[in-house]
Amino acid sequence: MTPETEPDRSVFSQIDFTSGAVAAVSGGSDSTALLLLLKDHLDRTAPATKLLAVTIDHALRPGSAAEAQAVARLCAGRGIAHRILVWSGRKPSTGLPAAAREARYRLLAEAAQAEGIGLILTGHTADDQAETVLMRQARQEGAREAGRGLAGMAPATLYDWRIWIVRPLLGTRRAALREVLRRANVGWAEDPTNEDEAFERPRIRAALADRNGAREDALALAGRAAVGREQLGHRAAALIRGFASRPAAGLARLDPGFATAGDEAAAVYALRVLLATVGGVAFLPDQARSAALLNRLRPGRPGKTPFLAAPFCATLSRTVVDARRAGIFLRRETRNLPSAAPAVDNALWDGRRRIKLGDEPGEFLIAPLGAAGAARQAIAENGTPPSLVRAALAAEPVLWRASEHPSDSPILPGMAVCPVVAPFARFLPSFDLAPAGTVAALIGAPRLPAPPFGGHTAG
Ligand SMILES: Nc1ncnc2c1ncn2[C@@H]1O[C@H](COP(=O)(O)OP(=O)(O)OP(=O)(O)O)[C@@H](O)[C@H]1O
């Protein structure tokens, strides 16, 4: 057997299945084969493992319900628990694939959570990986080889800071999976959009099929980029540990040595992660603008302290960067803060705070504390300019009972306002675990759950 026709059956051996697994099965060949291989693996190694197959019916094509039913029959015949979840929400007129993906992961995570399962497995293959890398390469023409996106899909991604999405077949060819199905006499559904060359992915797929070695080259590029991205993440995390602190809620401080520590690429990356986190923005700010900002934080001439000579304020990624003698301070800008609104339990506020209302009875309103409220707060003397602490506090949320007047300290004992690492809050690729975990510790966000690879780090 060649690797083309025989999947490596050890792909599941490193995965920690103790909390069970949801297999995301669309009914296409890859995820159907994933299900069969996974069931076989669990039967042999851990038959008591809770396994749930889930099919999302996006209700976008006429045949989708029938395809989901076909998966249900396959599962019934093999004693696998199966659920169909229908995407019944409003369908946007633009950005439909992204919205479908968002809904798919939300529904998969809900199904997992309902069963107490912390792991979702998908059927992404080496073919998908090569296509993803080439699409990203085409989009960032001229980008350096180590561009973050070129790492492709991560072997594991933490969804919503709580559930791992694992892609055990990223090194396996689609042809090998189809061979598994043929031998088991199991059919699959073909998605017509997979062949339609009006779409970018099928075009790339056709191009890959045309050129010998193109797929292998793309996968090798992804492998190198993944290593580079992880290493950069570790170096950025080390800089954050060495130079960043949190003098007050909503305020981060960088020691001036951060900008001159010598590892420019890591410093820019660390700065981008911090800017997005403090500003509550889900994506990292532009590389070039962040690099220019870092440059301004450097001494102009050797021996001259820039913060004495040229203190400055700049705003990027909704974050005010205030460089002065006492350090480099980052806080959420006051522009475009959310206005007062009813508080929703577990909702994300301003992209950077998770609000937990607990069992407190009654309805609550939430709003930024504001400058007047911050002015009334007592500020502890810890060497940080009180005006900066107040400016940061003014952008922090306060909650109050809708039936009462706002007060300045209304977070009741059962409630919590949890900081969130905004750029990694929804999807955290395992490549970026080091900076995400370090920033979480810095801002007091919940710790990362254990990686899904038993005894190993999620590389
Ligand atoms: N409708 C769906 N229901 C459940 N899981 C899905 C669904 N669509 C995609 N997935 C999961 O995401 C993975 C990748 O999705 P993608 O759209 O690339 O696959 P696909 O074209 O549906 O085909 P296949 O099932 O062969 O992977 C799938 O392997 C599957 O695990």
# chains A, B, ... in the order shown; residues from 1 in each chain; ligands from 1
$ select_by_dssp --residues "stretch 285-436 of chain A" --states "strand (DSSP E)" --output "PyMOL selection string"
chain A and resi 312-316+319-324+327-332+341-342+348-349+353-356+364-368+397-401+416-419+427-429
$ residues_near_ligand --ligand "ligand 1" --cutoff "6 Å" --atoms "only C-alpha atoms and all ligand atoms" --output "list in words"
Ala24, Val25, Ser26, Gly27, Gly28, Ser29, Asp30, Ser31, Val54, Thr55, Ile56, Asp57, Thr122, Gly123 and His124 of chain A
$ write_last_selection --atoms "C-alpha atoms" --output "short mmCIF file (atom, residue, chain, number, x, y, z; two decimals), in the first residue's frame"
data_model
loop_
_atom_site.label_atom_id
_atom_site.label_comp_id
_atom_site.auth_asym_id
_atom_site.auth_seq_id
_atom_site.Cartn_x
_atom_site.Cartn_y
_atom_site.Cartn_z
CA ALA A 24 -18.19 16.83 12.67
CA VAL A 25 -19.60 14.86 9.75
CA SER A 26 -20.94 16.72 6.73
CA GLY A 27 -21.55 13.53 4.76
CA GLY A 28 -18.72 14.31 2.35
CA SER A 29 -15.95 11.76 1.89
CA ASP A 30 -13.40 13.23 4.27
CA SER A 31 -15.54 13.56 7.34
CA VAL A 54 -22.98 15.84 14.48
CA THR A 55 -24.18 17.02 11.09
CA ILE A 56 -25.05 20.65 10.52
CA ASP A 57 -27.78 21.17 7.99
CA THR A 122 -13.07 17.65 11.74
CA GLY A 123 -12.10 15.93 8.51
CA HIS A 124 -9.76 18.56 7.03
#
$ residues_around --residues "stretch 289-293 of chain A" --least-positions-apart "6" --cutoff "10 Å" --atoms "only C-alpha atoms" --output "mmCIF file with C-alpha atoms, in the first residue's frame"
data_model
loop_
_atom_site.group_PDB
_atom_site.id
_atom_site.type_symbol
_atom_site.label_atom_id
_atom_site.label_comp_id
_atom_site.auth_asym_id
_atom_site.auth_seq_id
_atom_site.Cartn_x
_atom_site.Cartn_y
_atom_site.Cartn_z
ATOM 1 C CA ALA A 259 11.366 48.431 22.370
ATOM 2 C CA GLU A 264 12.335 43.362 16.514
ATOM 3 C CA ALA A 265 10.045 40.772 14.893
ATOM 4 C CA ALA A 267 8.471 42.906 19.697
ATOM 5 C CA VAL A 268 6.208 43.894 16.792
ATOM 6 C CA TYR A 269 4.213 40.698 17.189
ATOM 7 C CA ALA A 270 3.919 41.151 20.969
ATOM 8 C CA LEU A 271 2.826 44.757 20.447
ATOM 9 C CA ARG A 272 0.182 43.693 17.916
ATOM 10 C CA LEU A 275 -2.880 46.349 21.072
ATOM 11 C CA ALA A 314 -0.784 57.441 19.475
ATOM 12 C CA THR A 315 -3.874 55.350 18.817
ATOM 13 C CA LEU A 316 -3.935 52.023 17.022
ATOM 14 C CA SER A 317 -6.429 49.165 17.235
ATOM 15 C CA VAL A 321 -0.370 54.161 23.480
#
$ residues_around --residues "A:Arg174" --least-positions-apart "4" --cutoff "10 Å" --atoms "only C-alpha atoms" --output "list in words"
Glu4, Thr5, Pro7, Ser29, Asp30, Ala33, Gly123, His124, Thr125, Ala126, Asp127, Asp128, Leu169, Leu170, Arg178, Glu179 and Val180 of chain A
$ write_last_selection --atoms "N, CA and C atoms" --output "PDB file, in the first residue's frame"
ATOM      1  N   GLU A   4      -0.678   7.040  -0.418  1.00  0.00           N
ATOM      2  CA  GLU A   4      -1.857   7.588  -1.105  1.00  0.00           C
ATOM      3  C   GLU A   4      -3.101   6.777  -0.787  1.00  0.00           C
ATOM      4  N   THR A   5      -2.930   5.484  -0.525  1.00  0.00           N
ATOM      5  CA  THR A   5      -4.110   4.646  -0.351  1.00  0.00           C
ATOM      6  C   THR A   5      -4.276   4.120   1.066  1.00  0.00           C
ATOM      7  N   PRO A   7      -4.333   5.413   4.980  1.00  0.00           N
ATOM      8  CA  PRO A   7      -4.137   6.456   5.983  1.00  0.00           C
ATOM      9  C   PRO A   7      -3.336   5.923   7.163  1.00  0.00           C
ATOM     10  N   SER A  29     -16.828  12.926   1.713  1.00  0.00           N
ATOM     11  CA  SER A  29     -15.948  11.765   1.887  1.00  0.00           C
ATOM     12  C   SER A  29     -15.019  11.910   3.092  1.00  0.00           C
ATOM     13  N   ASP A  30     -14.453  13.090   3.269  1.00  0.00           N
ATOM     14  CA  ASP A  30     -13.396  13.227   4.271  1.00  0.00           C
ATOM     15  C   ASP A  30     -13.935  13.010   5.687  1.00  0.00           C
ATOM     16  N   ALA A  33     -15.101   9.394   6.294  1.00  0.00           N
ATOM     17  CA  ALA A  33     -13.956   8.521   6.575  1.00  0.00           C
ATOM     18  C   ALA A  33     -13.407   8.800   7.972  1.00  0.00           C
ATOM     19  N   GLY A 123     -12.737  16.777   9.519  1.00  0.00           N
ATOM     20  CA  GLY A 123     -12.097  15.930   8.512  1.00  0.00           C
ATOM     21  C   GLY A 123     -11.197  16.685   7.547  1.00  0.00           C
ATOM     22  N   HIS A 124     -10.658  17.830   7.936  1.00  0.00           N
ATOM     23  CA  HIS A 124      -9.756  18.561   7.027  1.00  0.00           C
ATOM     24  C   HIS A 124      -8.562  17.690   6.658  1.00  0.00           C
ATOM     25  N   THR A 125      -8.208  17.710   5.380  1.00  0.00           N
ATOM     26  CA  THR A 125      -7.160  16.815   4.868  1.00  0.00           C
ATOM     27  C   THR A 125      -5.922  17.591   4.419  1.00  0.00           C
ATOM     28  N   ALA A 126      -4.910  16.833   3.998  1.00  0.00           N
ATOM     29  CA  ALA A 126      -3.708  17.449   3.435  1.00  0.00           C
ATOM     30  C   ALA A 126      -4.054  18.229   2.167  1.00  0.00           C
ATOM     31  N   ASP A 127      -5.051  17.746   1.431  1.00  0.00           N
ATOM     32  CA  ASP A 127      -5.469  18.476   0.217  1.00  0.00           C
ATOM     33  C   ASP A 127      -6.046  19.836   0.608  1.00  0.00           C
ATOM     34  N   ASP A 128      -6.904  19.840   1.641  1.00  0.00           N
ATOM     35  CA  ASP A 128      -7.471  21.118   2.119  1.00  0.00           C
ATOM     36  C   ASP A 128      -6.347  22.050   2.567  1.00  0.00           C
ATOM     37  N   LEU A 169      -6.604  14.625  10.404  1.00  0.00           N
ATOM     38  CA  LEU A 169      -6.313  14.121   9.059  1.00  0.00           C
ATOM     39  C   LEU A 169      -5.548  15.135   8.200  1.00  0.00           C
ATOM     40  N   LEU A 170      -4.990  16.171   8.826  1.00  0.00           N
ATOM     41  CA  LEU A 170      -4.297  17.211   8.054  1.00  0.00           C
ATOM     42  C   LEU A 170      -3.109  16.671   7.255  1.00  0.00           C
ATOM     43  N   ARG A 178     -10.922   8.228   0.572  1.00  0.00           N
ATOM     44  CA  ARG A 178     -11.949   7.676  -0.322  1.00  0.00           C
ATOM     45  C   ARG A 178     -11.743   6.173  -0.504  1.00  0.00           C
ATOM     46  N   GLU A 179     -10.487   5.773  -0.491  1.00  0.00           N
ATOM     47  CA  GLU A 179     -10.188   4.351  -0.615  1.00  0.00           C
ATOM     48  C   GLU A 179     -10.724   3.588   0.607  1.00  0.00           C
ATOM     49  N   VAL A 180     -10.580   4.190   1.784  1.00  0.00           N
ATOM     50  CA  VAL A 180     -11.129   3.574   3.010  1.00  0.00           C
ATOM     51  C   VAL A 180     -12.634   3.356   2.843  1.00  0.00           C
TER      52      VAL A 180
END
$ residues_around --residues "stretch 97-110 of chain A" --least-positions-apart "4" --cutoff "10 Å" --atoms "only C-alpha atoms" --output "number ranges by chain"
A: 22-24, 53-60, 83-93, 114-121, 159-160, 162-165, 426
$ residues_around --residues "A:Glu200" --least-positions-apart "5" --cutoff "10 Å" --atoms "only C-alpha atoms" --output "list in words"
Glu131, Met135, Asn194 and Arg205 of chain A
$ write_last_selection --atoms "N, CA and C atoms" --output "compact mmCIF listing (two decimals), in the first residue's frame"
# COMPACT_ATOMS: atom_id res chain seq x y z
N GLU A 131 -4.49 23.60 -0.34
CA GLU A 131 -5.33 24.63 -0.99
C GLU A 131 -5.37 25.90 -0.15
N MET A 135 -4.10 29.55 -1.36
CA MET A 135 -5.04 30.69 -1.41
C MET A 135 -4.50 31.86 -0.61
N ASN A 194 -17.88 22.15 -4.59
CA ASN A 194 -16.47 21.74 -4.59
C ASN A 194 -15.88 21.67 -6.00
N ARG A 205 -7.69 23.95 -6.47
CA ARG A 205 -7.64 22.48 -6.47
C ARG A 205 -7.25 21.97 -7.86
$ closest_residue --among "A:Leu251, A:Ala347, A:Leu284, A:Ala391" --to "A:Phe329" --atoms "only C-alpha atoms"
A:Leu251
$ closest_residue --among "A:Leu294, A:Ala378, A:Ala138, A:Leu428" --to "A:Ala261" --atoms "only C-alpha atoms"
A:Leu294
$ closest_residue --among "A:Ala76, A:Leu348, A:Ala425, A:Ala248" --to "A:Asn382" --atoms "only C-alpha atoms"
A:Ala248
$ residues_around --residues "A:Ala276" --least-positions-apart "2" --cutoff "8 Å" --atoms "only C-alpha atoms" --output "PyMOL selection string"
chain A and resi 272-274+278-285+317-319+422-423
$ write_last_selection --atoms "N, CA and C atoms" --output "PDB file, in the first residue's frame"
ATOM      1  N   ARG A 272       1.449  43.893  18.637  1.00  0.00           N
ATOM      2  CA  ARG A 272       0.182  43.693  17.916  1.00  0.00           C
ATOM      3  C   ARG A 272      -0.819  42.928  18.787  1.00  0.00           C
ATOM      4  N   VAL A 273      -0.334  41.894  19.473  1.00  0.00           N
ATOM      5  CA  VAL A 273      -1.235  41.103  20.327  1.00  0.00           C
ATOM      6  C   VAL A 273      -1.753  41.962  21.479  1.00  0.00           C
ATOM      7  N   LEU A 274      -0.867  42.763  22.063  1.00  0.00           N
ATOM      8  CA  LEU A 274      -1.292  43.612  23.187  1.00  0.00           C
ATOM      9  C   LEU A 274      -2.263  44.691  22.733  1.00  0.00           C
ATOM     10  N   VAL A 278      -5.944  44.954  24.335  1.00  0.00           N
ATOM     11  CA  VAL A 278      -6.378  46.119  25.121  1.00  0.00           C
ATOM     12  C   VAL A 278      -7.548  46.817  24.420  1.00  0.00           C
ATOM     13  N   GLY A 279      -7.502  46.865  23.090  1.00  0.00           N
ATOM     14  CA  GLY A 279      -8.567  47.536  22.351  1.00  0.00           C
ATOM     15  C   GLY A 279      -9.826  46.687  22.179  1.00  0.00           C
ATOM     16  N   GLY A 280      -9.717  45.385  22.468  1.00  0.00           N
ATOM     17  CA  GLY A 280     -10.886  44.508  22.290  1.00  0.00           C
ATOM     18  C   GLY A 280     -11.201  44.267  20.828  1.00  0.00           C
ATOM     19  N   VAL A 281     -10.143  44.078  20.017  1.00  0.00           N
ATOM     20  CA  VAL A 281     -10.320  43.878  18.576  1.00  0.00           C
ATOM     21  C   VAL A 281      -9.952  42.428  18.241  1.00  0.00           C
ATOM     22  N   ALA A 282     -10.773  41.776  17.421  1.00  0.00           N
ATOM     23  CA  ALA A 282     -10.590  40.342  17.179  1.00  0.00           C
ATOM     24  C   ALA A 282      -9.422  40.028  16.247  1.00  0.00           C
ATOM     25  N   PHE A 283      -8.935  41.020  15.501  1.00  0.00           N
ATOM     26  CA  PHE A 283      -7.821  40.746  14.585  1.00  0.00           C
ATOM     27  C   PHE A 283      -6.628  41.629  14.958  1.00  0.00           C
ATOM     28  N   LEU A 284      -5.438  41.156  14.602  1.00  0.00           N
ATOM     29  CA  LEU A 284      -4.236  41.914  14.963  1.00  0.00           C
ATOM     30  C   LEU A 284      -4.121  43.147  14.076  1.00  0.00           C
ATOM     31  N   PRO A 285      -3.610  44.256  14.635  1.00  0.00           N
ATOM     32  CA  PRO A 285      -3.442  45.452  13.797  1.00  0.00           C
ATOM     33  C   PRO A 285      -2.384  45.221  12.720  1.00  0.00           C
ATOM     34  N   SER A 317      -5.626  50.296  16.787  1.00  0.00           N
ATOM     35  CA  SER A 317      -6.429  49.165  17.235  1.00  0.00           C
ATOM     36  C   SER A 317      -7.261  49.527  18.476  1.00  0.00           C
ATOM     37  N   ARG A 318      -7.870  50.703  18.460  1.00  0.00           N
ATOM     38  CA  ARG A 318      -8.715  51.210  19.555  1.00  0.00           C
ATOM     39  C   ARG A 318      -7.946  51.347  20.866  1.00  0.00           C
ATOM     40  N   THR A 319      -6.621  51.349  20.772  1.00  0.00           N
ATOM     41  CA  THR A 319      -5.787  51.426  21.974  1.00  0.00           C
ATOM     42  C   THR A 319      -4.957  52.702  21.948  1.00  0.00           C
ATOM     43  N   ALA A 422      -8.773  39.307  23.323  1.00  0.00           N
ATOM     44  CA  ALA A 422      -9.644  39.537  22.165  1.00  0.00           C
ATOM     45  C   ALA A 422      -9.193  38.853  20.866  1.00  0.00           C
ATOM     46  N   PRO A 423      -7.898  38.951  20.456  1.00  0.00           N
ATOM     47  CA  PRO A 423      -7.578  38.384  19.139  1.00  0.00           C
ATOM     48  C   PRO A 423      -7.662  36.860  19.100  1.00  0.00           C
TER      49      PRO A 423
END
